[in-house]
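Here is work32.cif, consisting of mmCIF, C-alpha atoms:
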```cif
data_model
#
loop_
_atom_site.label_atom_id
_atom_site.label_comp_id
_atom_site.auth_asym_id
_atom_site.auth_seq_id
_atom_site.Cartn_x
_atom_site.Cartn_y
_atom_site.Cartn_z
CA MET A 24 38.36 19.52 -8.45
CA ASP A 25 39.62 19.09 -11.99
CA ARG A 26 37.33 18.67 -14.98
CA ARG A 27 37.83 14.92 -15.32
CA THR A 28 36.87 14.34 -11.68
CA LYS A 29 33.79 16.54 -12.06
CA GLU A 30 32.69 14.60 -15.14
CA LYS A 31 33.12 11.32 -13.27
CA VAL A 32 31.09 12.61 -10.29
CA VAL A 33 28.33 13.91 -12.57
CA SER A 34 28.03 10.64 -14.53
CA GLU A 35 28.08 8.56 -11.33
CA LEU A 36 25.40 10.75 -9.73
CA HIS A 37 23.28 10.66 -12.90
CA GLU A 38 23.30 6.83 -12.90
CA LEU A 39 22.49 6.81 -9.18
CA LEU A 40 19.52 9.13 -9.69
CA LYS A 41 17.99 6.81 -12.31
CA ASP A 42 17.52 4.04 -9.69
CA THR A 43 16.47 6.26 -6.79
CA ARG A 44 12.90 6.13 -5.42
CA LEU A 45 13.26 8.88 -2.82
CA ALA A 46 15.58 11.87 -2.82
CA VAL A 47 15.39 14.62 -0.20
CA LEU A 48 17.30 17.90 -0.40
CA THR A 49 18.49 19.21 2.94
CA GLY A 50 20.32 22.30 4.03
CA TYR A 51 22.96 21.76 6.67
CA THR A 52 24.28 25.26 7.42
CA GLY A 53 25.91 25.35 10.84
CA MET A 54 25.96 21.58 11.37
CA ASN A 55 29.22 20.21 12.72
CA VAL A 56 31.02 17.12 11.43
CA GLU A 57 30.00 14.89 14.36
CA LYS A 58 26.29 15.51 13.76
CA MET A 59 26.67 15.02 10.01
CA ASN A 60 28.47 11.71 10.56
CA ALA A 61 25.80 10.61 13.06
CA LEU A 62 23.09 11.37 10.48
CA ARG A 63 25.04 9.52 7.76
CA ASN A 64 25.46 6.45 9.97
CA ASN A 65 21.77 6.38 10.94
CA LEU A 66 20.70 6.67 7.31
CA ARG A 67 23.17 4.02 6.17
CA LYS A 68 21.45 1.48 8.47
CA SER A 69 18.26 1.87 6.43
CA GLY A 70 20.07 1.48 3.08
CA THR A 71 20.12 5.22 2.43
CA GLU A 72 22.97 7.39 1.23
CA LEU A 73 23.70 11.01 2.19
CA ARG A 74 25.84 13.03 -0.19
CA VAL A 75 27.11 16.57 0.11
CA LEU A 76 27.44 18.06 -3.35
CA LYS A 77 27.88 21.20 -5.33
CA ASN A 78 24.68 22.69 -6.68
CA THR A 79 26.06 23.09 -10.21
CA LEU A 80 27.21 19.46 -10.39
CA PHE A 81 23.87 18.22 -9.09
CA GLY A 82 22.09 20.44 -11.61
CA ILE A 83 24.08 18.91 -14.47
CA ALA A 84 23.61 15.35 -13.15
CA SER A 85 19.86 15.80 -12.75
CA LYS A 86 19.28 16.84 -16.38
CA GLY A 87 17.09 14.29 -18.11
CA THR A 88 15.77 12.84 -14.84
CA ASP A 89 12.81 13.62 -12.60
CA PHE A 90 15.21 15.29 -10.18
CA SER A 91 15.56 18.34 -12.39
CA LYS A 92 12.29 19.48 -10.72
CA LEU A 93 14.35 20.26 -7.61
CA GLU A 94 16.40 22.91 -9.43
CA GLU A 95 14.63 25.83 -7.72
CA TYR A 96 15.97 24.59 -4.36
CA PHE A 97 19.64 24.60 -5.42
CA LYS A 98 20.64 27.47 -3.13
CA GLY A 99 23.22 27.36 -0.38
CA PRO A 100 25.06 24.31 0.91
CA LEU A 101 23.04 21.19 0.15
CA ALA A 102 23.11 17.53 0.99
CA ILE A 103 20.94 14.99 -0.77
CA VAL A 104 19.52 11.84 0.77
CA LEU A 105 19.09 9.02 -1.77
CA ASN A 106 17.14 5.82 -1.20
CA ARG A 107 16.26 2.95 -3.55
CA GLY A 108 14.18 0.78 -1.19
CA ASP A 109 11.78 1.46 1.66
CA VAL A 110 11.04 5.19 1.62
CA ILE A 111 9.41 5.48 5.05
CA ALA A 112 12.46 4.66 7.19
CA PRO A 113 14.73 7.42 5.80
CA ALA A 114 11.89 9.94 5.99
CA LYS A 115 11.36 9.08 9.66
CA LEU A 116 15.08 9.35 10.40
CA LEU A 117 15.37 12.72 8.66
CA VAL A 118 12.33 14.24 10.35
CA GLU A 119 13.40 13.00 13.80
CA PHE A 120 16.94 14.29 13.26
CA ALA A 121 15.65 17.66 12.04
CA LYS A 122 13.48 18.00 15.17
CA LYS A 123 16.50 17.44 17.42
CA ASN A 124 18.95 19.50 15.31
CA ALA A 125 17.75 22.86 14.06
CA GLU A 126 20.73 23.10 11.67
CA LEU A 127 19.23 20.45 9.38
CA GLU A 128 16.59 21.95 7.13
CA ILE A 129 14.49 19.66 4.96
CA LYS A 130 13.78 21.58 1.75
CA ALA A 131 11.93 19.29 -0.68
CA GLY A 132 12.13 15.88 -2.28
CA ILE A 133 11.22 13.60 -5.13
CA LEU A 134 9.23 10.43 -4.50
CA ASP A 135 8.81 8.08 -7.47
CA GLY A 136 9.18 10.98 -9.91
CA LYS A 137 6.86 13.43 -8.13
CA LEU A 138 7.93 16.59 -6.33
CA ILE A 139 7.04 16.50 -2.62
CA SER A 140 7.18 19.30 -0.10
CA LYS A 141 8.62 19.40 3.40
CA GLU A 142 5.12 18.83 4.82
CA GLN A 143 4.59 15.78 2.63
CA ILE A 144 7.91 14.35 3.79
CA SER A 145 6.76 14.84 7.39
CA ALA A 146 3.47 13.09 6.56
CA LEU A 147 5.42 10.24 4.96
CA ALA A 148 7.45 9.91 8.17
CA GLU A 149 4.26 9.43 10.19
CA LEU A 150 3.22 6.36 8.21
CA PRO A 151 3.82 2.97 9.83
CA SER A 152 6.79 0.96 8.64
CA LYS A 153 6.53 -1.65 5.89
CA GLU A 154 6.60 -4.51 8.42
CA VAL A 155 3.66 -3.05 10.37
CA LEU A 156 1.62 -2.55 7.19
CA VAL A 157 2.32 -6.12 6.05
CA GLY A 158 1.27 -7.38 9.49
CA LYS A 159 -2.00 -5.46 9.31
CA LEU A 160 -2.68 -6.79 5.81
CA LEU A 161 -2.06 -10.37 6.95
CA SER A 162 -4.37 -9.96 9.94
CA VAL A 163 -7.14 -8.72 7.64
CA MET A 164 -6.59 -11.63 5.26
CA VAL A 165 -6.67 -14.19 8.11
CA GLY A 166 -9.75 -12.51 9.60
CA VAL A 167 -11.68 -12.91 6.34
CA GLN A 168 -10.83 -16.59 6.15
CA ALA A 169 -11.81 -17.16 9.79
CA SER A 170 -15.16 -15.43 9.19
CA LEU A 171 -15.78 -17.57 6.11
CA VAL A 172 -15.06 -20.76 8.06
CA ASN A 173 -17.41 -19.58 10.81
CA VAL A 174 -20.23 -18.91 8.34
CA LEU A 175 -19.75 -22.19 6.49
CA SER A 176 -19.65 -24.22 9.70
CA GLY A 177 -22.88 -22.57 10.93
CA VAL A 178 -25.20 -24.81 8.87
CA PRO A 179 -23.76 -28.17 10.04
CA ARG A 180 -23.56 -26.83 13.62
CA SER A 181 -27.25 -25.84 13.52
CA PHE A 182 -28.14 -29.24 12.07
CA ILE A 183 -26.24 -31.03 14.85
CA CYS A 184 -27.93 -28.86 17.49
CA ALA A 185 -31.35 -29.68 15.99
CA LEU A 186 -30.57 -33.41 16.00
CA ASN A 187 -29.39 -33.23 19.63
CA ALA A 188 -32.55 -31.37 20.63
CA TYR A 189 -34.70 -33.97 18.82
CA ARG A 190 -32.80 -36.80 20.53
CA ASP A 191 -33.22 -35.17 23.94
CA LYS A 192 -36.95 -34.73 23.30
CA LYS A 193 -37.34 -38.37 22.27
CA GLU A 194 -35.38 -39.59 25.30
CA SER A 195 -37.32 -37.47 27.76
CA GLY A 196 -40.67 -38.32 26.10
CA ASN A 197 -40.23 -42.12 26.30
#
```
Will you turn the file into structure tokens for me?
Amino acid sequence: MDRRTKEKVVSELHELLKDTRLAVLTGYTGMNVEKMNALRNNLRKSGTELRVLKNTLFGIASKGTDFSKLEEYFKGPLAIVLNRGDVIAPAKLLVEFAKKNAELEIKAGILDGKLISKEQISALAELPSKEVLVGKLLSVMVGVQASLVNVLSGVPRSFICALNAYRDKKESGN
């Protein structure tokens, strides 16, 4: 790669890192092209990008960003997974793929500017998806409203029951 191309790659990667919420460094030693393409395609479905890059170029591109914290992991062939949206889906995909393919090694990551370990990425993958969490939140919100309606309707219901009991007593007494 000539110098001009390297500069273009570094500047492009630097701009990409500014907008990234989740980045995960992975080692891929021994992984064949078919498996790498399968991983890329699965990640692409969740709006995530997988890039294979040179450690020196990534080191230069990460200067001045939170991703410079990953510098200690820049050893061996690396691929980086970059995501700007939902961070749970790519974490799930990576962890599942790593379980099935021993060649993929999750090293570390950055989530919203904080360094996270391999174990934390695995814990992130165990969280429910965004849709499930939104559904649970809505059910809680609807449950509170239903309880409030029940409590507020208790007084008129009790009053009606008392009136019916009084009416029944008057009818049976006469």
Exercise. Residues at most 7 Å from segment 54-70 of chain A, counting all atoms listed in the file, excluding those fewer than 6 positions away in the same chain, as number ranges by chain?
Worked result: A: 106, 112-113, 116, 126
Problem set entry | Test item: residues at most 8 Å from Gly136 of chain A, all atoms listed in the file, excluding those fewer than 3 positions along its chain, as a list of chain:residue names | A:Arg44, A:Asp89, A:Phe90, A:Ile133
Exercise. Atom CA of Leu39 of chain A and atom CA of Glu149 of chain A are how many Å apart?
Worked result: 26.7 Å
Exercise. For Leu150 of chain A, which of A:Tyr189, A:Ala102, A:Lys115, A:Lys92 is the closest residue, counting all atoms listed in the file?
Worked result: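 Residue with the minimum atom-to-atom distance to Leu150 of chain A: A:Lys115.
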Problem set entry | Nearest candidate to Leu48 of chain A (options A:Leu93, A:Leu186, A:Val174, A:Val163; using only C-alpha atoms) | A:Leu93
For this session: Calculate how many Å separate atom CA of Leu40 of chain A from atom CA of Glu94 of chain A, rounding to one decimal.
Result: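 Computed distance, atom CA of Leu40 of chain A to atom CA of Glu94 of chain A, equals 14.1 Å.
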Exercise. Got a sec to check which residues sit within 9 Å of (20.6, 18.3, -9.7), counting only C-alpha atoms, and write them as a ChimeraX atom specification?
Worked result: /A:36-37,77-86,88,90-94,97
Exercise. Of the candidates A:Val157, A:Asp42, A:Lys123, A:Asn173, which shows the shortest atom-to-atom distance to Gly108 of chain A, using only C-alpha atoms?
Worked result: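 With only C-alpha atoms as the atom set, the closest residue is A:Asp42.
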Problem set entry | Coordinates-based distance that separates atom CA of Lys130 of chain A from atom CA of Tyr51 of chain A (Å, one decimal) | 10.4 Å
Exercise. Between A:Thr49, A:Thr28, A:Ser34, A:Ser140, which one has atoms that come closest to Leu101 of chain A, using all atoms listed in the file?
Worked result: A:Thr49
Exercise. Hey, which of A:Arg74, A:Leu161, A:Phe120, A:Cys184 ends up closest to Ala148 of chain A? Count only C-alpha atoms.
Worked result: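 Nearest to Ala148 of chain A: A:Phe120.
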For this session: Compare A:Leu156, A:Val178, A:Val33, A:Val47 by their minimum atom-to-atom distance to Val118 of chain A, counting all atoms listed in the file, and give me the closest one.
Result: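 With all atoms listed in the file as the atom set, the closest residue is A:Val47.
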Which centre and edge lengths in Å to one decimal define the box along x, y and z that fits every listed atom of segment 129-140 of chain A plus 4 Å per side, as AutoDock Vina command-line options?
```
--center_x 10.7 --center_y 14.8 --center_z -2.5 --size_x 15.6 --size_y 21.5 --size_z 22.9
```
Need the shell around Glu142 of chain A: protein/DNA/RNA residues with any atom at most 9 Å away, counting all atoms listed in the file. Skip same-chain ones fewer than 4 positions apart. Format as a PDB file with C-alpha atoms, in the coordinates of the input?
```pdb
ATOM      1  CA  ALA A 131      11.930  19.290  -0.680  1.00  0.00           C
ATOM      2  CA  ALA A 146       3.470  13.090   6.560  1.00  0.00           C
ATOM      3  CA  LEU A 147       5.420  10.240   4.960  1.00  0.00           C
TER       4      LEU A 147
END
```
Please reconstruct the missing atoms of segment 74-85 of chain A (target: N, CA and C atoms) and return them as a PDB file, keeping the file's coordinate frame.
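Produced file rebuild00.pdb, reproduced below:
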```pdb
ATOM      1  N   ARG A  74      24.725  12.454   0.548  1.00  0.00           N
ATOM      2  CA  ARG A  74      25.840  13.030  -0.190  1.00  0.00           C
ATOM      3  C   ARG A  74      25.792  14.544  -0.106  1.00  0.00           C
ATOM      4  N   VAL A  75      26.949  15.124   0.179  1.00  0.00           N
ATOM      5  CA  VAL A  75      27.110  16.570   0.110  1.00  0.00           C
ATOM      6  C   VAL A  75      27.651  16.859  -1.275  1.00  0.00           C
ATOM      7  N   LEU A  76      27.029  17.821  -1.976  1.00  0.00           N
ATOM      8  CA  LEU A  76      27.440  18.060  -3.350  1.00  0.00           C
ATOM      9  C   LEU A  76      27.300  19.518  -3.730  1.00  0.00           C
ATOM     10  N   LYS A  77      27.964  19.847  -4.802  1.00  0.00           N
ATOM     11  CA  LYS A  77      27.880  21.200  -5.330  1.00  0.00           C
ATOM     12  C   LYS A  77      26.597  21.325  -6.144  1.00  0.00           C
ATOM     13  N   ASN A  78      25.958  22.470  -6.005  1.00  0.00           N
ATOM     14  CA  ASN A  78      24.680  22.690  -6.680  1.00  0.00           C
ATOM     15  C   ASN A  78      24.811  22.592  -8.199  1.00  0.00           C
ATOM     16  N   THR A  79      25.893  23.119  -8.752  1.00  0.00           N
ATOM     17  CA  THR A  79      26.060  23.090 -10.210  1.00  0.00           C
ATOM     18  C   THR A  79      26.237  21.654 -10.709  1.00  0.00           C
ATOM     19  N   LEU A  80      27.002  20.852  -9.975  1.00  0.00           N
ATOM     20  CA  LEU A  80      27.210  19.460 -10.390  1.00  0.00           C
ATOM     21  C   LEU A  80      25.912  18.666 -10.287  1.00  0.00           C
ATOM     22  N   PHE A  81      25.150  18.919  -9.227  1.00  0.00           N
ATOM     23  CA  PHE A  81      23.870  18.220  -9.090  1.00  0.00           C
ATOM     24  C   PHE A  81      22.896  18.664 -10.189  1.00  0.00           C
ATOM     25  N   GLY A  82      22.934  19.935 -10.531  1.00  0.00           N
ATOM     26  CA  GLY A  82      22.090  20.440 -11.610  1.00  0.00           C
ATOM     27  C   GLY A  82      22.393  19.758 -12.926  1.00  0.00           C
ATOM     28  N   ILE A  83      23.667  19.583 -13.225  1.00  0.00           N
ATOM     29  CA  ILE A  83      24.080  18.910 -14.470  1.00  0.00           C
ATOM     30  C   ILE A  83      23.685  17.435 -14.426  1.00  0.00           C
ATOM     31  N   ALA A  84      23.907  16.783 -13.283  1.00  0.00           N
ATOM     32  CA  ALA A  84      23.610  15.350 -13.150  1.00  0.00           C
ATOM     33  C   ALA A  84      22.108  15.076 -13.216  1.00  0.00           C
ATOM     34  N   SER A  85      21.300  16.036 -12.783  1.00  0.00           N
ATOM     35  CA  SER A  85      19.860  15.800 -12.750  1.00  0.00           C
ATOM     36  C   SER A  85      19.165  16.060 -14.085  1.00  0.00           C
TER      37      SER A  85
END
```
